[in-house]
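Have a look at the structure below before the remarks.
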Amino acid sequence: MLQATKEMESRATNGDRSGAAGEQDDAPGDVIEGFTREELHSLLADMLLYRRFEEKAEEAYAIGKIGGFCHLHIGQEGLAAGATRPLRADDPIITAYRDHTLAIAKGITPRAAMAELYGRVDGCSGGRGGSMHLFDPTVGFMGGHGIVGGQIPIGAGLGWAIRYRGEDQVCVCFMGDAAVNQGVFLESLNMSAIWQLPVIYVVENNGYGMGTAFSRVSATEMEARSGAYGIPAHTVNGQDVLETYRFFADMAERVRAGAGPQFVNAETYRFRGHSMSDPVSGTYRSKEEVESHVQEQDPIKILRDRMMEADLLSQAELEAMDAEVRAICEDAAEFADASPIPDPSTLYDHVYAEINQHGRLFLDGRGPGPAAGGRLAAGGQAGGPGGHANG
């Protein structure tokens, strides 16, 4: 197994992903803003892994290996690395449908993530979720969610569970900028404020809700959205992974210590369209706008250039790092392609926690209901003793 994969799996299982920057006694020339050479290389390798994984997914989608919707996180890797790396292994995170890199950042392996995109049994959701529904509670990744804003009240629920149990985890709930116009956003913030839940609500503010600029659908600035509930608001540059890391390391510990819910406007930008079916530019944003951000605000280039200027990264080291993560992603694609397709007979598995023989009415031929030719019991209900069909 490649070293980068080993390091990623170790971070996911060692019980503490925080790794405070700058704690080691390195010479002044070996650090940037308190981050050691080793930490900088690790952050850069992570972001490169996320980028190459998404490019491999983009390629697989184009040749029909991946179906359905597919939303890429290319351009937003600095936020994925910077917001998750300071967290503990038992801190849950939850997000929307642009979830691939956040899932890997929290500990889902590239193999399990890619197999899920392919809809295969070795995927992290057994091939049942696909691109928008990666999920693995064993690493604290509580899902990508396809409904805009649908994950926000679940994030509040995770925070409530932590508080109810008297534990000290912190939940980080990610969302797109368009989600703040959903009613559940307002309700969740209100309840979080009342109960002082340990939740950090993070808006991945890439400026657009699908093809609509945020300025066209909001009369207020993003930071103002939490003010009505007394929840402190903050803005961080999500394209600067070092700034983002320092911010979330501090924020997580403050919330863990009892600071209550927080609202974060993480400014970022996606370099691809809203989804694979959406043009990168030419409709709701110009080619010049996209190219400007790609050239000037690429989180990988920003960190790479700073490391090279400080003589903490050579071209040979960068090329070796890139070759390694490319190999990991190629391996993930081969693994996914070789994984079996789920057996159709398991279609109803995991739909209910338990299926009582006389407790539900099925209309697809599996039970004594009308579609299976079963007679209706007295009172017009199908099924077992006493005519009760749906519990």
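In the structure tokens, the first chain shown is A, the next is B, and so on; residue numbers restart at 1 for each chain, and ligands run from 1 in the order shown.
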
### Query
Got a sec: who's within 10 Å of Gly260 of chain A, counting only C-alpha atoms, leaving out chain neighbours fewer than 5 positions off, as a list of chain:residue names?
A:Val170, A:Ser192, A:Ala193, A:Ile194, A:Trp195, A:Gln196, A:Leu197, A:Pro198, A:Val199, A:Ile200, A:Ile231, A:Pro232, A:Arg254, A:Val255

Output file for the selection above: N, CA and C atoms, as a PDB file, in the first residue's frame:
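Written output follows (out21.pdb):
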ATOM      1  N   VAL A 170     -17.167  17.857  18.574  1.00  0.00           N
ATOM      2  CA  VAL A 170     -17.656  19.029  17.845  1.00  0.00           C
ATOM      3  C   VAL A 170     -18.158  18.553  16.487  1.00  0.00           C
ATOM      4  N   SER A 192     -30.138  25.526  17.691  1.00  0.00           N
ATOM      5  CA  SER A 192     -28.743  25.419  18.131  1.00  0.00           C
ATOM      6  C   SER A 192     -28.389  26.521  19.113  1.00  0.00           C
ATOM      7  N   ALA A 193     -28.912  27.714  18.858  1.00  0.00           N
ATOM      8  CA  ALA A 193     -28.647  28.834  19.760  1.00  0.00           C
ATOM      9  C   ALA A 193     -29.329  28.636  21.105  1.00  0.00           C
ATOM     10  N   ILE A 194     -30.571  28.160  21.078  1.00  0.00           N
ATOM     11  CA  ILE A 194     -31.306  27.942  22.325  1.00  0.00           C
ATOM     12  C   ILE A 194     -30.609  26.901  23.200  1.00  0.00           C
ATOM     13  N   TRP A 195     -30.177  25.812  22.571  1.00  0.00           N
ATOM     14  CA  TRP A 195     -29.580  24.706  23.318  1.00  0.00           C
ATOM     15  C   TRP A 195     -28.056  24.796  23.399  1.00  0.00           C
ATOM     16  N   GLN A 196     -27.492  25.831  22.763  1.00  0.00           N
ATOM     17  CA  GLN A 196     -26.031  25.994  22.766  1.00  0.00           C
ATOM     18  C   GLN A 196     -25.317  24.710  22.331  1.00  0.00           C
ATOM     19  N   LEU A 197     -25.673  24.274  21.150  1.00  0.00           N
ATOM     20  CA  LEU A 197     -25.140  23.025  20.622  1.00  0.00           C
ATOM     21  C   LEU A 197     -23.719  23.196  20.077  1.00  0.00           C
ATOM     22  N   PRO A 198     -22.891  22.171  20.212  1.00  0.00           N
ATOM     23  CA  PRO A 198     -21.504  22.244  19.736  1.00  0.00           C
ATOM     24  C   PRO A 198     -21.394  21.985  18.232  1.00  0.00           C
ATOM     25  N   VAL A 199     -21.939  22.895  17.437  1.00  0.00           N
ATOM     26  CA  VAL A 199     -21.959  22.737  15.990  1.00  0.00           C
ATOM     27  C   VAL A 199     -21.321  23.958  15.328  1.00  0.00           C
ATOM     28  N   ILE A 200     -20.441  23.711  14.371  1.00  0.00           N
ATOM     29  CA  ILE A 200     -19.880  24.772  13.533  1.00  0.00           C
ATOM     30  C   ILE A 200     -20.549  24.652  12.171  1.00  0.00           C
ATOM     31  N   ILE A 231     -25.749  33.954  17.036  1.00  0.00           N
ATOM     32  CA  ILE A 231     -24.642  33.036  16.756  1.00  0.00           C
ATOM     33  C   ILE A 231     -23.507  33.815  16.112  1.00  0.00           C
ATOM     34  N   PRO A 232     -22.322  33.802  16.691  1.00  0.00           N
ATOM     35  CA  PRO A 232     -21.192  34.553  16.123  1.00  0.00           C
ATOM     36  C   PRO A 232     -20.878  34.111  14.700  1.00  0.00           C
ATOM     37  N   ARG A 254     -12.548  26.071  20.826  1.00  0.00           N
ATOM     38  CA  ARG A 254     -13.450  26.999  21.512  1.00  0.00           C
ATOM     39  C   ARG A 254     -14.837  26.394  21.662  1.00  0.00           C
ATOM     40  N   VAL A 255     -15.332  25.777  20.622  1.00  0.00           N
ATOM     41  CA  VAL A 255     -16.646  25.139  20.698  1.00  0.00           C
ATOM     42  C   VAL A 255     -16.587  23.943  21.651  1.00  0.00           C
TER      43      VAL A 255
END

### Task
Go through segment 172-290 of chain A and collect every residue that DSSP, computed from the backbone, puts in helix (DSSP H, G or I); the answer should be as a ChimeraX atom specification.
/A:177-181,183-195,214-216,222-229,241-256,287-290

Now that the selection is made, can you save its residues with C-alpha atoms as an mmCIF file, in the first residue's frame?
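Final output, part12.cif:
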data_model
loop_
_atom_site.group_PDB
_atom_site.id
_atom_site.type_symbol
_atom_site.label_atom_id
_atom_site.label_comp_id
_atom_site.auth_asym_id
_atom_site.auth_seq_id
_atom_site.Cartn_x
_atom_site.Cartn_y
_atom_site.Cartn_z
ATOM 1 C CA ASP A 177 -24.285 29.191 -0.050
ATOM 2 C CA ALA A 178 -27.764 28.632 -1.526
ATOM 3 C CA ALA A 179 -28.736 26.505 1.493
ATOM 4 C CA VAL A 180 -28.974 29.535 3.776
ATOM 5 C CA ASN A 181 -32.261 30.445 2.071
ATOM 6 C CA GLY A 183 -36.219 27.228 6.114
ATOM 7 C CA VAL A 184 -34.413 24.378 7.870
ATOM 8 C CA PHE A 185 -31.300 26.558 8.049
ATOM 9 C CA LEU A 186 -33.158 29.138 10.122
ATOM 10 C CA GLU A 187 -34.856 26.550 12.327
ATOM 11 C CA SER A 188 -31.608 24.691 12.934
ATOM 12 C CA LEU A 189 -29.691 27.825 13.897
ATOM 13 C CA ASN A 190 -32.488 28.881 16.220
ATOM 14 C CA MET A 191 -32.538 25.535 18.039
ATOM 15 C CA SER A 192 -28.743 25.419 18.131
ATOM 16 C CA ALA A 193 -28.647 28.834 19.760
ATOM 17 C CA ILE A 194 -31.306 27.942 22.325
ATOM 18 C CA TRP A 195 -29.580 24.706 23.318
ATOM 19 C CA PHE A 214 -25.660 34.611 -4.293
ATOM 20 C CA SER A 215 -25.989 38.394 -4.645
ATOM 21 C CA ARG A 216 -29.110 37.854 -6.776
ATOM 22 C CA MET A 222 -23.496 36.063 4.192
ATOM 23 C CA GLU A 223 -22.100 36.899 7.631
ATOM 24 C CA ALA A 224 -25.378 38.579 8.601
ATOM 25 C CA ARG A 225 -27.332 35.340 8.236
ATOM 26 C CA SER A 226 -26.682 34.087 11.776
ATOM 27 C CA GLY A 227 -27.079 37.415 13.592
ATOM 28 C CA ALA A 228 -30.785 37.057 14.366
ATOM 29 C CA TYR A 229 -29.986 34.061 16.576
ATOM 30 C CA VAL A 241 -5.207 26.149 3.562
ATOM 31 C CA LEU A 242 -2.903 27.445 6.304
ATOM 32 C CA GLU A 243 -5.281 30.226 7.305
ATOM 33 C CA THR A 244 -8.181 27.798 7.174
ATOM 34 C CA TYR A 245 -6.370 25.204 9.278
ATOM 35 C CA ARG A 246 -5.419 27.717 11.978
ATOM 36 C CA PHE A 247 -8.947 29.108 12.045
ATOM 37 C CA PHE A 248 -10.656 25.730 12.470
ATOM 38 C CA ALA A 249 -8.097 24.459 14.962
ATOM 39 C CA ASP A 250 -8.913 27.428 17.179
ATOM 40 C CA MET A 251 -12.662 27.327 16.483
ATOM 41 C CA ALA A 252 -12.997 23.613 17.231
ATOM 42 C CA GLU A 253 -11.314 23.984 20.605
ATOM 43 C CA ARG A 254 -13.450 26.999 21.512
ATOM 44 C CA VAL A 255 -16.646 25.139 20.698
ATOM 45 C CA ARG A 256 -15.352 22.062 22.489
ATOM 46 C CA LYS A 287 -14.505 32.419 -19.014
ATOM 47 C CA GLU A 288 -12.339 35.300 -17.818
ATOM 48 C CA GLU A 289 -13.742 35.070 -14.290
ATOM 49 C CA VAL A 290 -13.037 31.355 -14.025
#

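Minimum distance to Ser292 of chain A across A:Lys65, A:Phe271, A:Ala213, A:His71 (counting only C-alpha atoms) occurs at A:Phe271.
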
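Distance annotation: of A:Ser277, A:Thr346, A:Ser125, A:Thr95, the residue with the minimal separation from Gly143 of chain A is A:Thr95; atom set is only C-alpha atoms.
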
### Message
Just the number, please: distance in Å from atom CA of Ala333 of chain A to atom CA of Gly127 of chain A, one decimal.
### Response
14.2 Å

### Task
Within 8 Å of segment 56-61 of chain A, counting only C-alpha atoms, which residues show up once you throw out same-chain ones fewer than 2 positions away? Write them as a PyMOL selection string, please.
chain A and resi 52-54+63-67+70+72+114+117+276+329-330+333

### Task
Point out the residue among A:Glu39, A:Ala332, A:Arg326, A:Gln169 with the least atom-to-atom distance to Ile108 of chain A, counting only C-alpha atoms.
A:Ala332

### Query
Please, what distance in Å, to one decimal, runs between atom CA of Ala266 of chain A and atom CA of Gly209 of chain A?
14.6 Å

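Atom CA of Leu48 of chain A is found 22.0 Å from atom CA of Arg88 of chain A.
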
### Query
Hey, which of A:Gln239, A:Gln151, A:Ser218, A:Thr101 ends up closest to Glu296 of chain A? Count only C-alpha atoms.
A:Gln239

### Message
Between A:Ala320, A:Leu49, A:Leu303, A:Val203, which residue has the minimum interatomic distance to Glu267 of chain A, considering only C-alpha atoms?
### Response
A:Val203

### Task
Between A:Arg37, A:Arg85, A:Arg120, A:Arg51, single out the one closest to Pro342 of chain A, counting only C-alpha atoms.
A:Arg120

### Task
Enumerate as a list in words all residues of segment 157-365 of chain A assigned to strand (DSSP E or B) by DSSP on the backbone, naming them with the chain letters and numbers the document uses.
Cys171, Val172, Cys173, Phe174, Met175, Gly176, Val199, Ile200, Tyr201, Val202, Val203, Glu204, Asn205, Tyr208, Gly209, Thr212, Ala213, Ala233, His234, Thr235, Val236, Asn237, Gln262, Phe263, Val264, Asn265, Ala266 and Glu267 of chain A

### Task
Write out as a PyMOL selection string each polymer residue whose atoms come within 6 Å of Ala96 of chain A, counting only C-alpha atoms; drop sequence neighbours fewer than 2 positions from it.
chain A and resi 98+144-145+175

Could you turn the residues from that selection into a file that holds N, CA and C atoms, as a CSV table (one decimal), in the first residue's frame?
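Written output follows (again_18.csv):
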chain,number,residue,atom,x,y,z
A,98,ARG,N,-21.8,17.8,-2.7
A,98,ARG,CA,-20.4,17.9,-3.3
A,98,ARG,C,-19.5,17.4,-2.2
A,144,GLY,N,-23.0,12.6,2.7
A,144,GLY,CA,-23.4,13.7,1.7
A,144,GLY,C,-24.9,13.5,1.6
A,145,HIS,N,-25.5,14.7,1.3
A,145,HIS,CA,-27.0,14.7,1.3
A,145,HIS,C,-27.5,15.4,0.0
A,175,MET,N,-22.3,23.3,4.1
A,175,MET,CA,-23.4,23.5,3.2
A,175,MET,C,-23.0,24.5,2.1
